[in-house]
Amino acid sequence: MPDTAATPPDPLALLLRVNALSAWRRLKSIRDQSRLLTAVIACFIGSYLVLAFWLFFAGLRFLSRFPGLGPALTERLMFLLFAFLFVLLLLSNLVISYTNLFRNRETAFLLTMPIGTTRIFQWKLIESTVLASWAFLFLIAPFLAAYGMIKDVAWHFYPMTVLMVALYIVLPAVLGAFLAVSLGRYLDRRLFQVVMITILVAALAALAWWFRPEGPPPEDSTETRAFAVLDQMLGRTKFADWPLLPSQWLASSVLQWADGALRGSGFLVLVLLSYALFFGMLAFTRMGRLFYDASSAVHSRASVLGRWRWFQVWRRRECQRGPRLGPGVLDALADLIPGLSPDVRALMVKDTRTFWRDTTQWAQSLVLFGLLAAYIFNLRHFSQQLGNPFWTNLVSYLNLGACSLNLATLTTRFVYPQFSLEGKRLWIVGMAPLGLVRVVKAKYGLATATSLLVTLGLILVSCYMLKLPPGQTAYFGLAITTMTFTLNGLAVGLGVLFPNFKEDNPGKIVSGFGGTFCLVLSFLYIVGSVCLLALATPWSQEGTLSARTLLCVGGFLGLSIALGWIPLVLGLRRVRSFEL
């Protein structure tokens, strides 16, 4: 029989198979190392899903009990949730896609192999979509399950929602990848920079105008004021019901399927399917060449500001001055901190400079702080409507939960991967007189001090916006300070216990097993802490400290010490016997 040449495997299928096997083997290696630890982590993840389901179920049931207003509030909540999650998914896909396409060693390696750029882009698009969307799926699954239980839907509601969400995440993934490629290709163009800045300023101005504060509602009666506030709130959220938004298609299809309107919901599912297939096919077949051009432009240019004359003049002057061998601005600021040894000060300056030089890192910080600024700006609307002490206390503890969730985001996203980012250079630091133990302690001190400035300032400003008395402000300040030490200790400790030295992408490090475990533990700790602090409210006891207050405060402190001190001690114990 004549010899026939074997058909070579498709590169995309080979990449998917190899990475899937690698992920499965890493998971098996963790199970083989400690079955008890794996069981504990699985228990915590399951507890998170159960707790999240219970919270969503209780909240939706509370809304449904409002006569006449429950369905309208639930419907608008659904539209708002998916609209904001679409924006967050888009930003996450943009940042992760840019990192995976242009700041990834695997991508640089694959570009030198006999693999088409289209296949490389397809693989990176799939990888970025998974990394950017897993948290969205982790959040939305308990919510949709709780909504189905409230509506008492049929069994086919749940598989259909899985299909709807799967089609929905394709659109922000493709759009985020397209924006990342466009940024990589044209970011050094002066016209592109001007257009982007103009669009950003116009968007901020439009948001400021749309969410501008209005005068207080009429105080004729409680019912009139309640309906005026409700009408004002619903009027400001009409943008989420715009028929051309993909989030509106998903929310409407979920609502209609739960109500039994299968034909209307099926039509919206087909709309999602058509858009996902159309733009997904365009991305899979036509963006490979654009990606190659963008990658060539990113790795060949010196600076994105090179076309501006003021930058050229400044660069020329810097070159004429020659290299600077003296200390920089960061060194001068670090010298102002008392009690730091020179080696610890040098490590802190190095970590700060590394963070600043990574555009994808501080770009995500800017997005996060922008959301926080919008949150604080709108807090003053609550102070205008709160007159009952019950609602004042409720909003103040919800504010504490929001600030602590922001803290958990910072620690999980930026603090957890710090030890792993040392990578193959860890032996240099480990062999230095500083030692790995002091390295971990220095990273913990820098992360705690930096995040404490953010969270303590945030809680003080938000308490001022809510017009809380000084005693309550100090109470929440001490609570967020304790939570800052705990969450940073948890992130640093787990980062040492579950390192990943093979990756230089913080997004991949965080999306691994240890990062997920850190996120789940942080969420459970925040929920438990806020509940204990709410039960321990001292100003509701008429100036006396009851046994319940002391017991709940003691429980909060014990929980904080257990989750913050134990992982950090275990991490320090491991680095003492770490083999380089």
# chains A, B, ... in the order shown; residues from 1 in each chain; ligands from 1

call {"tool": "residues_around", "arguments": {"residues": "range 17-31 of chain A", "least_positions_apart": "5", "cutoff": "10 Å", "atoms": "only C-alpha atoms", "output": "VMD selection string"}}
result
chain A and resid 11 to 12 36 to 39 127 498 512 to 513

call {"tool": "write_last_selection", "arguments": {"atoms": "N, CA and C atoms", "output": "mmCIF file, in the first residue's frame"}}
result
data_model
loop_
_atom_site.group_PDB
_atom_site.id
_atom_site.type_symbol
_atom_site.label_atom_id
_atom_site.label_comp_id
_atom_site.auth_asym_id
_atom_site.auth_seq_id
_atom_site.Cartn_x
_atom_site.Cartn_y
_atom_site.Cartn_z
ATOM 1 N N PRO A 11 -3.187 23.551 14.869
ATOM 2 C CA PRO A 11 -2.473 24.214 15.980
ATOM 3 C C PRO A 11 -3.393 24.664 17.104
ATOM 4 N N LEU A 12 -4.587 25.162 16.772
ATOM 5 C CA LEU A 12 -5.502 25.617 17.823
ATOM 6 C C LEU A 12 -5.957 24.452 18.684
ATOM 7 N N LEU A 36 -6.453 16.707 52.275
ATOM 8 C CA LEU A 36 -7.209 17.452 53.273
ATOM 9 C C LEU A 36 -7.341 18.910 52.870
ATOM 10 N N LEU A 37 -6.231 19.504 52.393
ATOM 11 C CA LEU A 37 -6.280 20.897 51.964
ATOM 12 C C LEU A 37 -7.215 21.071 50.770
ATOM 13 N N THR A 38 -7.171 20.136 49.836
ATOM 14 C CA THR A 38 -8.073 20.204 48.684
ATOM 15 C C THR A 38 -9.527 20.110 49.116
ATOM 16 N N ALA A 39 -9.803 19.235 50.082
ATOM 17 C CA ALA A 39 -11.176 19.108 50.581
ATOM 18 C C ALA A 39 -11.629 20.380 51.284
ATOM 19 N N GLU A 127 -8.332 32.128 25.639
ATOM 20 C CA GLU A 127 -7.717 32.194 26.963
ATOM 21 C C GLU A 127 -8.124 33.462 27.703
ATOM 22 N N PHE A 498 0.906 29.179 47.667
ATOM 23 C CA PHE A 498 0.510 28.712 46.333
ATOM 24 C C PHE A 498 1.169 29.580 45.264
ATOM 25 N N GLY A 512 -5.603 31.433 39.013
ATOM 26 C CA GLY A 512 -5.284 30.058 39.356
ATOM 27 C C GLY A 512 -5.998 29.592 40.610
ATOM 28 N N PHE A 513 -5.566 28.433 41.090
ATOM 29 C CA PHE A 513 -6.213 27.801 42.235
ATOM 30 C C PHE A 513 -6.072 28.649 43.500
#

call {"tool": "select_by_dssp", "arguments": {"residues": "range 508-560 of chain A", "states": "alpha helix (DSSP H)", "output": "PyMOL selection string"}}
result
chain A and resi 508-510+513-535+547-560

call {"tool": "closest_atom_pairs", "arguments": {"of": "range 48-140 of chain A", "to": "range 159-170 of chain A", "cutoff": "9 Å", "atoms": "only C-alpha atoms", "output": "JSON lines"}}
result
{"residue": "A:Phe86", "atom": "CA", "partner": "A:Ile169", "partner_atom": "CA", "distance": 8.3}
{"residue": "A:Leu89", "atom": "CA", "partner": "A:Ile169", "partner_atom": "CA", "distance": 7.9}
{"residue": "A:Thr129", "atom": "CA", "partner": "A:Val170", "partner_atom": "CA", "distance": 7.7}
{"residue": "A:Ser133", "atom": "CA", "partner": "A:Ile169", "partner_atom": "CA", "distance": 7.1}
{"residue": "A:Leu137", "atom": "CA", "partner": "A:Val165", "partner_atom": "CA", "distance": 8.2}
{"residue": "A:Ile140", "atom": "CA", "partner": "A:Val165", "partner_atom": "CA", "distance": 9.0}

call {"tool": "residues_around", "arguments": {"residues": "Thr455 in chain A", "least_positions_apart": "2", "cutoff": "12 Å", "atoms": "only C-alpha atoms", "output": "ChimeraX atom specification"}}
result
/A:369,372,399-411,447-453,457-462,476-485,487

call {"tool": "residues_around", "arguments": {"residues": "range 253-259 of chain A", "least_positions_apart": "2", "cutoff": "7 Å", "atoms": "only C-alpha atoms", "output": "PyMOL selection string"}}
result
chain A and resi 151+153+157+161+249-251+261-262+264-265+268-269

call {"tool": "closest_atom_pairs", "arguments": {"of": "range 488-525 of chain A", "to": "range 43-46 of chain A", "cutoff": "8 Å", "atoms": "only C-alpha atoms", "output": "tab-separated table"}}
result
residue	atom	partner	partner_atom	distance
A:Phe517	CA	A:Ile45	CA	7.5
A:Val520	CA	A:Ile45	CA	6.3
A:Leu521	CA	A:Phe44	CA	7.2

call {"tool": "write_last_selection", "arguments": {"atoms": "N, CA and C atoms", "output": "short mmCIF file (atom, residue, chain, number, x, y, z; two decimals), in the first residue's frame"}}
result
data_model
loop_
_atom_site.label_atom_id
_atom_site.label_comp_id
_atom_site.auth_asym_id
_atom_site.auth_seq_id
_atom_site.Cartn_x
_atom_site.Cartn_y
_atom_site.Cartn_z
N PHE A 517 -8.97 30.64 45.70
CA PHE A 517 -9.12 30.35 47.13
C PHE A 517 -9.03 31.62 47.96
N VAL A 520 -12.29 33.64 47.55
CA VAL A 520 -13.42 33.04 48.28
C VAL A 520 -13.28 33.29 49.78
N LEU A 521 -12.07 33.09 50.31
CA LEU A 521 -11.86 33.33 51.73
C LEU A 521 -12.07 34.80 52.08
#

call {"tool": "closest_residue", "arguments": {"among": "A:Ala491, A:Leu85, A:Val344, A:Ala474", "to": "Leu434 in chain A", "atoms": "only C-alpha atoms"}}
result
A:Val344

call {"tool": "decode", "arguments": {"residues": "range 500-525 of chain A", "atoms": "N, CA, C and O atoms", "output": "tab-separated table (two decimals), in the first residue's frame"}}
result
chain	number	residue	atom	x	y	z
A	500	ASN	N	3.21	30.64	41.76
A	500	ASN	CA	3.22	30.23	40.35
A	500	ASN	C	4.33	31.01	39.66
A	500	ASN	O	4.12	32.11	39.15
A	501	PHE	N	5.54	30.42	39.65
A	501	PHE	CA	6.69	31.10	39.10
A	501	PHE	C	6.81	30.96	37.59
A	501	PHE	O	7.70	31.55	36.99
A	502	LYS	N	5.91	30.20	36.98
A	502	LYS	CA	5.99	30.01	35.53
A	502	LYS	C	5.27	31.10	34.77
A	502	LYS	O	5.42	31.19	33.55
A	503	GLU	N	4.46	31.90	35.44
A	503	GLU	CA	3.68	32.94	34.77
A	503	GLU	C	4.21	34.32	35.16
A	503	GLU	O	4.60	34.54	36.31
A	504	ASP	N	4.23	35.20	34.18
A	504	ASP	CA	4.57	36.60	34.44
A	504	ASP	C	3.37	37.51	34.28
A	504	ASP	O	3.49	38.74	34.37
A	505	ASN	N	2.20	36.92	34.02
A	505	ASN	CA	0.96	37.67	33.87
A	505	ASN	C	0.19	37.62	35.19
A	505	ASN	O	-0.25	36.54	35.62
A	506	PRO	N	0.03	38.75	35.90
A	506	PRO	CA	-0.70	38.72	37.17
A	506	PRO	C	-2.12	38.21	37.05
A	506	PRO	O	-2.64	37.58	37.97
A	507	GLY	N	-2.75	38.46	35.89
A	507	GLY	CA	-4.12	37.98	35.71
A	507	GLY	C	-4.20	36.47	35.72
A	507	GLY	O	-5.13	35.88	36.30
A	508	LYS	N	-3.22	35.79	35.12
A	508	LYS	CA	-3.22	34.33	35.14
A	508	LYS	C	-2.89	33.80	36.52
A	508	LYS	O	-3.42	32.77	36.94
A	509	ILE	N	-1.98	34.49	37.23
A	509	ILE	CA	-1.64	34.04	38.58
A	509	ILE	C	-2.85	34.12	39.50
A	509	ILE	O	-3.13	33.20	40.27
A	510	VAL	N	-3.59	35.22	39.40
A	510	VAL	CA	-4.77	35.40	40.25
A	510	VAL	C	-5.87	34.42	39.87
A	510	VAL	O	-6.62	33.93	40.74
A	511	SER	N	-5.97	34.09	38.58
A	511	SER	CA	-7.04	33.19	38.13
A	511	SER	C	-6.75	31.73	38.43
A	511	SER	O	-7.59	30.89	38.12
A	512	GLY	N	-5.60	31.43	39.01
A	512	GLY	CA	-5.28	30.06	39.36
A	512	GLY	C	-6.00	29.59	40.61
A	512	GLY	O	-6.89	30.25	41.16
A	513	PHE	N	-5.57	28.43	41.09
A	513	PHE	CA	-6.21	27.80	42.23
A	513	PHE	C	-6.07	28.65	43.50
A	513	PHE	O	-7.04	28.90	44.22
A	514	GLY	N	-4.84	29.10	43.78
A	514	GLY	CA	-4.62	29.88	45.00
A	514	GLY	C	-5.33	31.22	44.97
A	514	GLY	O	-5.85	31.68	46.00
A	515	GLY	N	-5.36	31.88	43.81
A	515	GLY	CA	-6.05	33.16	43.71
A	515	GLY	C	-7.55	33.02	43.94
A	515	GLY	O	-8.17	33.85	44.59
A	516	THR	N	-8.14	31.95	43.37
A	516	THR	CA	-9.56	31.70	43.60
A	516	THR	C	-9.85	31.43	45.08
A	516	THR	O	-10.83	31.92	45.65
A	517	PHE	N	-8.97	30.64	45.70
A	517	PHE	CA	-9.12	30.35	47.13
A	517	PHE	C	-9.03	31.62	47.96
A	517	PHE	O	-9.80	31.83	48.91
A	518	CYS	N	-8.08	32.50	47.60
A	518	CYS	CA	-7.93	33.77	48.32
A	518	CYS	C	-9.18	34.64	48.16
A	518	CYS	O	-9.64	35.26	49.12
A	519	LEU	N	-9.74	34.67	46.96
A	519	LEU	CA	-10.95	35.47	46.72
A	519	LEU	C	-12.13	34.95	47.53
A	519	LEU	O	-12.87	35.73	48.14
A	520	VAL	N	-12.29	33.64	47.55
A	520	VAL	CA	-13.42	33.04	48.28
A	520	VAL	C	-13.28	33.29	49.78
A	520	VAL	O	-14.24	33.69	50.46
A	521	LEU	N	-12.07	33.09	50.31
A	521	LEU	CA	-11.86	33.33	51.73
A	521	LEU	C	-12.07	34.80	52.08
A	521	LEU	O	-12.64	35.13	53.13
A	522	SER	N	-11.63	35.70	51.22
A	522	SER	CA	-11.82	37.13	51.47
A	522	SER	C	-13.29	37.49	51.50
A	522	SER	O	-13.75	38.24	52.37
A	523	PHE	N	-14.05	36.93	50.56
A	523	PHE	CA	-15.49	37.21	50.51
A	523	PHE	C	-16.19	36.69	51.77
A	523	PHE	O	-17.01	37.39	52.37
A	524	LEU	N	-15.88	35.45	52.15
A	524	LEU	CA	-16.52	34.88	53.34
A	524	LEU	C	-16.13	35.67	54.60
A	524	LEU	O	-16.96	35.88	55.49
A	525	TYR	N	-14.88	36.09	54.66
A	525	TYR	CA	-14.44	36.87	55.82
A	525	TYR	C	-15.18	38.21	55.88
A	525	TYR	O	-15.59	38.65	56.97
